[in-house]
Structures are given as C-alpha cells and as structure tokens.
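Participant: File target_21.txt follows (compact mmCIF, C-alpha atoms):
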# COMPACT_ATOMS: atom_id res chain seq x y z
CA MET N 1 -31.77 10.82 -23.38
CA THR N 2 -34.56 10.02 -20.97
CA ASP N 3 -34.48 12.30 -17.92
CA THR N 4 -37.17 11.47 -15.44
CA HIS N 5 -38.43 10.77 -11.93
CA SER N 6 -40.76 7.77 -11.96
CA GLN N 7 -42.82 6.18 -9.17
CA GLN N 8 -39.73 5.61 -7.05
CA PRO N 9 -37.72 8.11 -5.01
CA LEU N 10 -34.70 8.58 -7.27
CA ALA N 11 -34.49 10.99 -10.19
CA PHE N 12 -32.40 9.54 -13.01
CA SER N 13 -31.12 9.89 -16.57
CA ASP N 14 -31.16 7.01 -19.07
CA GLU N 15 -28.65 7.64 -21.89
CA GLY N 16 -26.37 5.96 -24.37
CA VAL N 17 -27.33 2.90 -26.45
CA SER N 18 -30.74 1.78 -25.23
CA ASP N 19 -30.35 -1.91 -26.10
CA ALA N 20 -26.69 -2.20 -25.02
CA PRO N 21 -25.47 -3.67 -21.71
CA PRO N 22 -26.39 -1.30 -18.86
CA VAL N 23 -23.97 0.60 -16.61
CA VAL N 24 -25.22 2.46 -13.53
CA LEU N 25 -23.27 5.47 -12.20
CA SER N 26 -23.53 6.29 -8.49
CA SER N 27 -22.11 9.60 -7.28
CA SER N 28 -20.59 11.02 -4.10
CA LEU N 29 -22.14 12.71 -1.10
CA GLY N 30 -23.02 16.30 -2.01
CA THR N 31 -23.18 15.85 -5.79
CA THR N 32 -25.84 15.09 -8.36
CA ARG N 33 -25.73 12.73 -11.34
CA ALA N 34 -24.08 15.63 -13.22
CA MET N 35 -20.88 14.59 -11.41
CA TRP N 36 -20.56 11.94 -14.13
CA ASP N 37 -20.70 14.34 -17.10
CA PRO N 38 -17.02 13.60 -17.95
CA GLN N 39 -17.85 9.87 -18.34
CA VAL N 40 -21.15 9.83 -20.21
CA GLU N 41 -19.85 10.30 -23.76
CA ALA N 42 -17.13 7.65 -23.42
CA LEU N 43 -19.48 5.10 -21.85
CA GLY N 44 -22.51 6.02 -23.94
CA ARG N 45 -20.85 4.84 -27.16
CA HIS N 46 -21.12 1.20 -26.09
CA TYR N 47 -23.44 1.03 -23.07
CA ARG N 48 -26.83 2.01 -21.78
CA VAL N 49 -25.82 4.58 -19.13
CA VAL N 50 -28.11 5.14 -16.15
CA ARG N 51 -27.16 7.75 -13.56
CA PHE N 52 -29.24 8.99 -10.67
CA ASP N 53 -29.45 11.50 -7.85
CA HIS N 54 -29.03 9.92 -4.43
CA LEU N 55 -31.85 10.13 -1.92
CA GLY N 56 -31.90 13.67 -0.56
CA HIS N 57 -29.84 15.02 -3.47
CA GLY N 58 -30.59 16.83 -6.70
CA GLN N 59 -34.11 16.15 -7.97
CA SER N 60 -34.68 13.02 -5.87
CA ASP N 61 -37.00 12.83 -2.88
CA VAL N 62 -35.75 14.38 0.37
CA PRO N 63 -37.27 12.40 3.25
CA ALA N 64 -36.27 13.15 6.83
CA GLY N 65 -33.07 11.43 7.95
CA PRO N 66 -31.25 9.58 9.22
CA TYR N 67 -30.80 7.39 6.15
CA THR N 68 -29.14 3.96 6.17
CA LEU N 69 -26.86 2.15 3.75
CA ASP N 70 -29.50 -0.57 3.38
CA GLN N 71 -32.06 2.08 2.41
CA LEU N 72 -29.73 3.64 -0.17
CA GLY N 73 -28.92 0.23 -1.64
CA GLN N 74 -32.55 -0.88 -1.77
CA ASN N 75 -33.43 2.34 -3.61
CA VAL N 76 -30.94 1.41 -6.34
CA LEU N 77 -32.55 -2.04 -6.65
CA ARG N 78 -35.97 -0.39 -6.96
CA LEU N 79 -34.59 1.85 -9.70
CA LEU N 80 -33.22 -1.18 -11.58
CA ASP N 81 -36.59 -2.91 -11.26
CA SER N 82 -38.42 0.17 -12.56
CA LEU N 83 -36.13 0.19 -15.62
CA SER N 84 -36.44 -3.59 -16.17
CA ILE N 85 -32.69 -4.02 -15.65
CA ASP N 86 -32.02 -7.52 -14.31
CA LYS N 87 -28.24 -7.21 -14.17
CA THR N 88 -25.90 -4.26 -14.57
CA SER N 89 -22.35 -3.14 -14.16
CA PHE N 90 -22.09 -0.53 -11.41
CA ILE N 91 -19.64 2.35 -10.99
CA GLY N 92 -19.67 4.15 -7.66
CA LEU N 93 -17.53 6.95 -6.25
CA SER N 94 -17.27 7.63 -2.50
CA MET N 95 -20.79 7.16 -1.05
CA GLY N 96 -21.68 5.66 -4.43
CA GLY N 97 -18.80 3.24 -3.98
CA ILE N 98 -19.99 1.87 -0.65
CA ILE N 99 -23.44 1.45 -2.20
CA GLY N 100 -21.69 -0.56 -4.92
CA GLN N 101 -20.06 -2.70 -2.26
CA TRP N 102 -23.45 -3.18 -0.58
CA LEU N 103 -24.92 -4.36 -3.89
CA GLY N 104 -21.99 -6.71 -4.44
CA VAL N 105 -22.61 -8.24 -1.00
CA HIS N 106 -26.42 -8.24 -0.85
CA ALA N 107 -27.52 -8.48 -4.51
CA PRO N 108 -24.72 -10.36 -6.32
CA ASP N 109 -27.13 -11.69 -8.94
CA ARG N 110 -27.85 -8.11 -10.06
CA ILE N 111 -24.23 -7.03 -10.56
CA ASN N 112 -22.09 -7.84 -13.57
CA ARG N 113 -18.90 -5.82 -12.93
CA LEU N 114 -18.01 -3.31 -10.22
CA VAL N 115 -15.88 -0.18 -10.31
CA LEU N 116 -15.27 1.20 -6.81
CA MET N 117 -13.67 4.62 -7.01
CA CYS N 118 -12.32 6.90 -4.27
CA THR N 119 -14.33 5.06 -1.63
CA ALA N 120 -13.93 2.93 1.48
CA ALA N 121 -15.52 -0.03 3.22
CA HIS N 122 -16.17 2.23 6.21
CA PHE N 123 -15.74 5.96 6.79
CA PRO N 124 -14.37 6.89 10.20
CA THR N 125 -15.25 8.40 12.52
CA GLU N 126 -18.89 7.99 13.49
CA GLN N 127 -18.70 11.05 15.75
CA SER N 128 -17.28 13.29 13.02
CA TRP N 129 -20.12 12.35 10.64
CA ARG N 130 -22.75 13.01 13.31
CA GLU N 131 -21.17 16.38 14.03
CA ARG N 132 -21.17 17.23 10.32
CA ALA N 133 -24.84 16.27 10.05
CA ALA N 134 -25.69 18.50 13.00
CA THR N 135 -23.72 21.42 11.53
CA VAL N 136 -25.49 21.10 8.19
CA ARG N 137 -28.95 20.90 9.77
CA THR N 138 -28.22 24.06 11.77
CA HIS N 139 -26.24 26.16 9.28
CA GLY N 140 -26.83 24.58 5.85
CA VAL N 141 -24.44 22.79 3.51
CA ALA N 142 -22.53 26.01 2.80
CA ALA N 143 -21.06 25.71 6.30
CA VAL N 144 -19.07 22.61 5.27
CA SER N 145 -18.67 23.25 1.53
CA GLU N 146 -15.18 24.76 1.61
CA GLY N 147 -13.76 21.78 3.47
CA VAL N 148 -15.51 19.45 1.04
CA LEU N 149 -14.00 21.20 -1.98
CA ASP N 150 -10.54 21.02 -0.41
CA ARG N 151 -10.89 17.23 -0.45
CA TRP N 152 -12.53 16.94 -3.87
CA PHE N 153 -9.81 18.63 -5.95
CA THR N 154 -6.07 19.16 -5.77
CA ASP N 155 -4.84 22.65 -4.94
CA ASP N 156 -3.31 22.77 -8.40
CA LEU N 157 -6.61 22.24 -10.20
CA ARG N 158 -8.43 24.75 -8.00
CA ALA N 159 -5.76 27.36 -8.67
CA THR N 160 -5.26 26.84 -12.40
CA GLU N 161 -8.73 25.79 -13.65
CA PRO N 162 -11.36 27.46 -11.48
CA ASP N 163 -13.94 27.17 -14.29
CA ARG N 164 -13.73 23.37 -14.08
CA VAL N 165 -14.25 23.48 -10.32
CA ALA N 166 -17.06 26.06 -10.26
CA PRO N 167 -19.96 23.72 -11.18
CA TYR N 168 -19.04 21.45 -8.29
CA VAL N 169 -19.00 24.38 -5.87
CA GLU N 170 -22.59 25.07 -6.90
CA MET N 171 -23.48 21.38 -6.77
CA VAL N 172 -22.48 20.86 -3.16
CA ARG N 173 -24.00 24.14 -1.97
CA ALA N 174 -27.30 23.30 -3.67
CA THR N 175 -27.61 19.96 -1.88
CA PRO N 176 -30.65 19.91 0.45
CA ALA N 177 -29.46 20.16 4.05
CA GLU N 178 -31.63 17.28 5.24
CA GLY N 179 -30.48 15.06 2.38
CA TYR N 180 -26.84 15.80 3.09
CA ALA N 181 -27.25 15.32 6.85
CA GLY N 182 -29.26 12.11 6.49
CA SER N 183 -26.59 10.70 4.19
CA CYS N 184 -23.85 11.64 6.67
CA GLU N 185 -25.73 9.58 9.26
CA ALA N 186 -25.79 6.61 6.88
CA LEU N 187 -22.03 6.86 6.37
CA ALA N 188 -21.43 7.24 10.12
CA VAL N 189 -22.34 3.59 10.76
CA ALA N 190 -21.76 1.97 7.35
CA ASP N 191 -19.17 -0.82 7.63
CA LEU N 192 -18.68 -3.59 5.07
CA ARG N 193 -15.09 -4.50 5.95
CA GLU N 194 -15.98 -8.02 7.12
CA GLN N 195 -18.17 -8.72 4.06
CA LEU N 196 -15.87 -7.69 1.21
CA ALA N 197 -14.61 -11.23 0.69
CA THR N 198 -18.13 -12.34 -0.29
CA ILE N 199 -18.22 -10.04 -3.35
CA SER N 200 -17.98 -12.15 -6.50
CA ALA N 201 -18.32 -9.52 -9.25
CA PRO N 202 -15.09 -8.72 -11.12
CA THR N 203 -13.99 -5.54 -9.38
CA LEU N 204 -11.74 -2.60 -10.25
CA ALA N 205 -10.75 -0.30 -7.38
CA ILE N 206 -9.57 3.18 -8.41
CA ALA N 207 -7.83 5.59 -6.03
CA GLY N 208 -6.83 9.21 -6.50
CA GLU N 209 -3.16 9.49 -5.59
CA ASP N 210 -3.78 12.79 -3.76
CA ASP N 211 -7.17 11.93 -2.22
CA PRO N 212 -7.14 12.91 1.48
CA SER N 213 -10.61 11.42 2.15
CA THR N 214 -10.40 7.90 0.78
CA THR N 215 -6.68 7.39 0.42
CA PRO N 216 -5.01 4.83 -1.84
CA ASP N 217 -4.65 2.65 1.28
CA ALA N 218 -8.45 2.59 1.66
CA LEU N 219 -8.81 1.29 -1.89
CA ARG N 220 -5.93 -1.14 -1.39
CA PHE N 221 -7.80 -2.52 1.64
CA ILE N 222 -10.83 -3.17 -0.58
CA ALA N 223 -8.85 -4.65 -3.47
CA GLU N 224 -6.96 -7.03 -1.19
CA ARG N 225 -10.19 -8.47 0.22
CA ILE N 226 -12.44 -8.79 -2.85
CA PRO N 227 -11.31 -11.95 -4.67
CA GLY N 228 -9.47 -11.12 -7.88
CA ALA N 229 -9.94 -7.35 -7.55
CA GLN N 230 -7.55 -5.01 -9.33
CA LEU N 231 -6.23 -1.69 -7.93
CA GLU N 232 -5.30 1.36 -10.01
CA ILE N 233 -3.98 4.63 -8.56
CA VAL N 234 -4.58 7.76 -10.65
CA PRO N 235 -1.85 10.41 -10.40
CA HIS N 236 -2.63 14.10 -9.88
CA ALA N 237 -6.15 13.44 -8.63
CA ALA N 238 -7.92 14.04 -5.33
CA HIS N 239 -11.37 12.72 -4.32
CA LEU N 240 -13.29 13.42 -7.55
CA ALA N 241 -10.71 11.63 -9.68
CA ASN N 242 -13.27 11.13 -12.45
CA VAL N 243 -13.50 14.92 -12.86
CA GLU N 244 -9.84 15.80 -12.39
CA GLN N 245 -8.41 13.05 -14.65
CA PRO N 246 -11.31 11.98 -16.88
CA GLU N 247 -9.25 10.53 -19.73
CA THR N 248 -7.29 8.22 -17.42
CA VAL N 249 -10.37 7.18 -15.48
CA ASN N 250 -12.46 6.60 -18.61
CA GLU N 251 -9.80 4.35 -20.11
CA LEU N 252 -9.61 2.30 -16.89
CA ILE N 253 -13.39 1.95 -16.72
CA VAL N 254 -13.90 1.05 -20.39
CA THR N 255 -11.12 -1.56 -20.22
CA HIS N 256 -12.59 -3.13 -17.08
CA LEU N 257 -16.15 -3.19 -18.41
CA ALA N 258 -14.94 -4.88 -21.59
CA GLY N 259 -13.44 -7.64 -19.46
CA GLN N 260 -9.86 -6.87 -20.42
CA GLY N 261 -8.60 -5.58 -17.09
CA SER N 262 -9.04 -8.35 -14.53
Using the file provided, produce a representation of the structure as structure tokens.

Facilitator:
Amino acid sequence: MTDTHSQQPLAFSDEGVSDAPPVVLSSSLGTTRAMWDPQVEALGRHYRVVRFDHLGHGQSDVPAGPYTLDQLGQNVLRLLDSLSIDKTSFIGLSMGGIIGQWLGVHAPDRINRLVLMCTAAHFPTEQSWRERAATVRTHGVAAVSEGVLDRWFTDDLRATEPDRVAPYVEMVRATPAEGYAGSCEALAVADLREQLATISAPTLAIAGEDDPSTTPDALRFIAERIPGAQLEIVPHAAHLANVEQPETVNELIVTHLAGQGS
C-alpha cells in the first residue's frame, strides 16, 4: 500500500492491484479515508483502490473556508492527474457522492462507472449548514458530533455494537473545525438537481433504508434523473450504510463495477 501526500492538497492511499482498473473512494463530511476500511479488501482483490481525505479532513491540507463544490471536485481531478489515472470508477458517500455527481457532470471523460451512496443532489437547507459551520468554528466539531452520530448509525447498531461505532466517534471529533465548517459551506449551496440528466456514466444509487439525512427518496430522485441509473435500498442501515451493512454494500458495488448490475 502506498500512503502519501504528494504535491497536491489531498492525502491518499493507493492500494489493491496496482495495474488493475482504478476505483476512487470518496467519503462523507466528518470522516477520513478510513471510513472505507470495510470495502478495501473486497475491492482490492480486483481493482486499484485509491481513497483520500477530503480537503480540511484527516491528513489533507486545511485551508481557510468557505470551500466550494467546484474546488472539491477539481481537487479530485488533480489527484487523478498526479496518479496518472486517465479514467476511473468513482464511489462516493454523502459529500463524496455529490462530488461524484459533479465529476459525472463536469468531467465525464474521466469517469467509468459511478456509485452514489447515501447522498443527494442538494442538501437543504442553506441556513442550517451555515449555522452548523458557525457552531463548529466557535465550539469545535464536538459540539455537533452527537447529532452526526445519530444520523450515521441506527440506534440498534449503536446499542448492540459500540465497538464498531467507536472509531467513527473519534473520526468525526478529530476533524479540523475549519475543514468541517468550510465543507458545510460548500454543501450549503451545492445543487446539481438540474444537471443530473447530463451524467452518462453507468450509475448505481444506494440508499440506507433508515438514513434520516439522505433518505431513500433522495437517492430515488437521483436515480430517476440519471439515464439508466439503478437504485438499491439497503435494509437496517442509516447514513454510513457501507459500515453498517458492508457485505450487502460490497456485493452491490462489485456487481456494478463488473458491469453486471445496470
């Protein structure tokens, strides 16, 4: 595994089969690339797996916000260029998912297949995101972390398997306040609803049945507007469906990437 931070702002890991088709994993607000630990082994058997920390997260650069969706998307393109990846499949969850949509709209020649998980084409309301950014800048990410965790995992998982949840508690609380706030400001105004129909990459939309943040209806909205897109709803999963139901999610992803799902 290559684990590095080259002459571009995003820290990343480069794993799996080095000469196999690439897959890029893009995580949610308030997580690091470690969010994808439950997927790396399954994908790494057949793919070159690149995952990264978003701007302002993990080991990546933390410039002053606000950030923009264009900025976050362009950073991914710079990462691909630095790794000499001309075209890749892209899997994004939540904020990572709207970055995937941005790439599908603005860089279609760079995207092979898309998996858009527990995400939306816009994240209402602008005011609530700006208030969250202000809270985090004043009081730190810990001030919003409990509400975040309520959305990430079902009550059942939090009650019965606290050891599985614990690393994600630490992950969100360790997020730099400015990085989290700047990303909130990007999500406040991000809106790709009118552009979804221009996405040409074969797309799988995955919803967590119990996700209160990006509900199955939000993923249905996306799937109905991207030509040929497929929708799958994962039972017993909230926002981080890839963590709560990894076997189900991995099977859906592997099938889609192999071209058997669409």

Participant: Any chance you could work out the axis-aligned box around stretch 167-172 of chain N, listed atoms only, 3 Å on each side, giving centre and edge lengths in Å to one decimal, as JSON?

Facilitator:
{"center_x": -21.2, "center_y": 23.0, "center_z": -7.2, "size_x": 10.5, "size_y": 10.2, "size_z": 14.0}

Participant: Counting only C-alpha atoms, figure out which residue out of N:Val144, N:Cys184, N:Ala197, N:Leu25 gets nearest to N:Leu93.

Facilitator: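 Checking each of N:Val144, N:Cys184, N:Ala197, N:Leu25 against N:Leu93, counting only C-alpha atoms, the winner is N:Leu25.
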
Participant: Provide the atom CA of N:Asp163 to atom CA of N:Asp210 distance in Å, to one decimal place.

Facilitator: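 These atoms are spaced 20.5 Å apart.
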
Participant: Hey, could you make a per-residue contact list for stretch 166-262 of chain N against stretch 49-72 of chain N with 9 Å as the cut-off, showing the nearest pair of atoms and its distance in Å to one decimal, counting all atoms listed in the file, sorted by chain and number, as a Markdown table?

Facilitator:
| residue | atom | partner | partner_atom | distance |
| --- | --- | --- | --- | --- |
| N:Met171 | CA | N:Gly58 | CA | 8.4 |
| N:Ala174 | CA | N:Gly58 | CA | 7.9 |
| N:Thr175 | CA | N:His57 | CA | 5.6 |
| N:Pro176 | CA | N:His57 | CA | 6.3 |
| N:Ala177 | CA | N:Gly56 | CA | 8.3 |
| N:Glu178 | CA | N:Ala64 | CA | 6.4 |
| N:Gly179 | CA | N:Gly56 | CA | 3.5 |
| N:Tyr180 | CA | N:Gly56 | CA | 6.6 |
| N:Ala181 | CA | N:Gly65 | CA | 7.1 |
| N:Gly182 | CA | N:Gly65 | CA | 4.1 |
| N:Ser183 | CA | N:Tyr67 | CA | 5.7 |
| N:Cys184 | CA | N:Pro66 | CA | 8.1 |
| N:Glu185 | CA | N:Pro66 | CA | 5.5 |
| N:Ala186 | CA | N:Thr68 | CA | 4.3 |
| N:Leu187 | CA | N:Leu69 | CA | 7.2 |
| N:Val189 | CA | N:Thr68 | CA | 8.2 |
| N:Ala190 | CA | N:Leu69 | CA | 6.2 |

Participant: Between N:Pro212, N:Pro235, N:Pro227, N:Pro167, which one has atoms that come closest to N:Ala34, using only C-alpha atoms?

Facilitator: N:Pro167

Participant: What gap, in Å, lies between atom CA of N:Arg33 and atom CA of N:Thr160?

Facilitator: 24.9 Å

Participant: Mind checking which residues fall within 7 Å of N:Ser27, counting only C-alpha atoms, ignoring those fewer than 3 positions away in the same chain, and posting them as a list in words?

Facilitator: Thr31, Thr32, Arg33, Met35, Gly92, Leu93, Met95 and Gly96 of chain N

Participant: Can you pull out every residue within 7 Å of stretch 113-127 of chain N, counting all atoms listed in the file, but drop anything in the same chain fewer than 6 positions away, and send it as a ChimeraX atom specification?

Facilitator: /N:89-95,97-98,100,187-193,201-208,214,218-219,222,239,257

Participant: Can you work out which one of N:Gly259, N:Ser128, N:Asp156, N:Ser200 has the shortest atom-to-atom distance to N:Ala238, counting all atoms listed in the file?

Facilitator: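 Residue with the minimum atom-to-atom distance to N:Ala238: N:Asp156.
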
Participant: Counting only C-alpha atoms, which residues come within 8 Å of (-25.5, 4.8, -25.3), with the point read in the file's coordinates, and could you list them as a PyMOL selection string?

Facilitator: chain N and resi 15-18+20+43-49

Participant: Which residues are close to N:Leu77, i.e. within 9 Å by only C-alpha atoms, leaving aside same-chain residues fewer than 4 positions away? Reply as a PyMOL selection string.

Facilitator: chain N and resi 73+81-82+103+107+110

Participant: Of the candidates N:Gly147, N:Pro9, N:Pro22, N:Pro38, which one gets nearest to N:Lys87 if we count only C-alpha atoms?

Facilitator: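 Nearest to N:Lys87: N:Pro22.
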
Participant: Would you please work out which residue, of N:Gln101, N:Ser145, N:Thr198, N:Gln39, is nearest to N:Ile253 when using only C-alpha atoms?

Facilitator: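 Under the stated criterion, the closest residue is N:Gln39.
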
Participant: Please indicate the distance in Å from atom CA of N:Leu29 to atom CA of N:Val148, rounded to one decimal place.

Facilitator: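 Going from atom CA of N:Leu29 over to atom CA of N:Val148 covers 9.7 Å.
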
Participant: May I ask which of the residues N:Glu224, N:Glu170, N:Glu232, N:Glu251 is the closest one to N:Gly30, counting only C-alpha atoms?

Facilitator: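 So, comparing all the options, the nearest one is N:Glu170.
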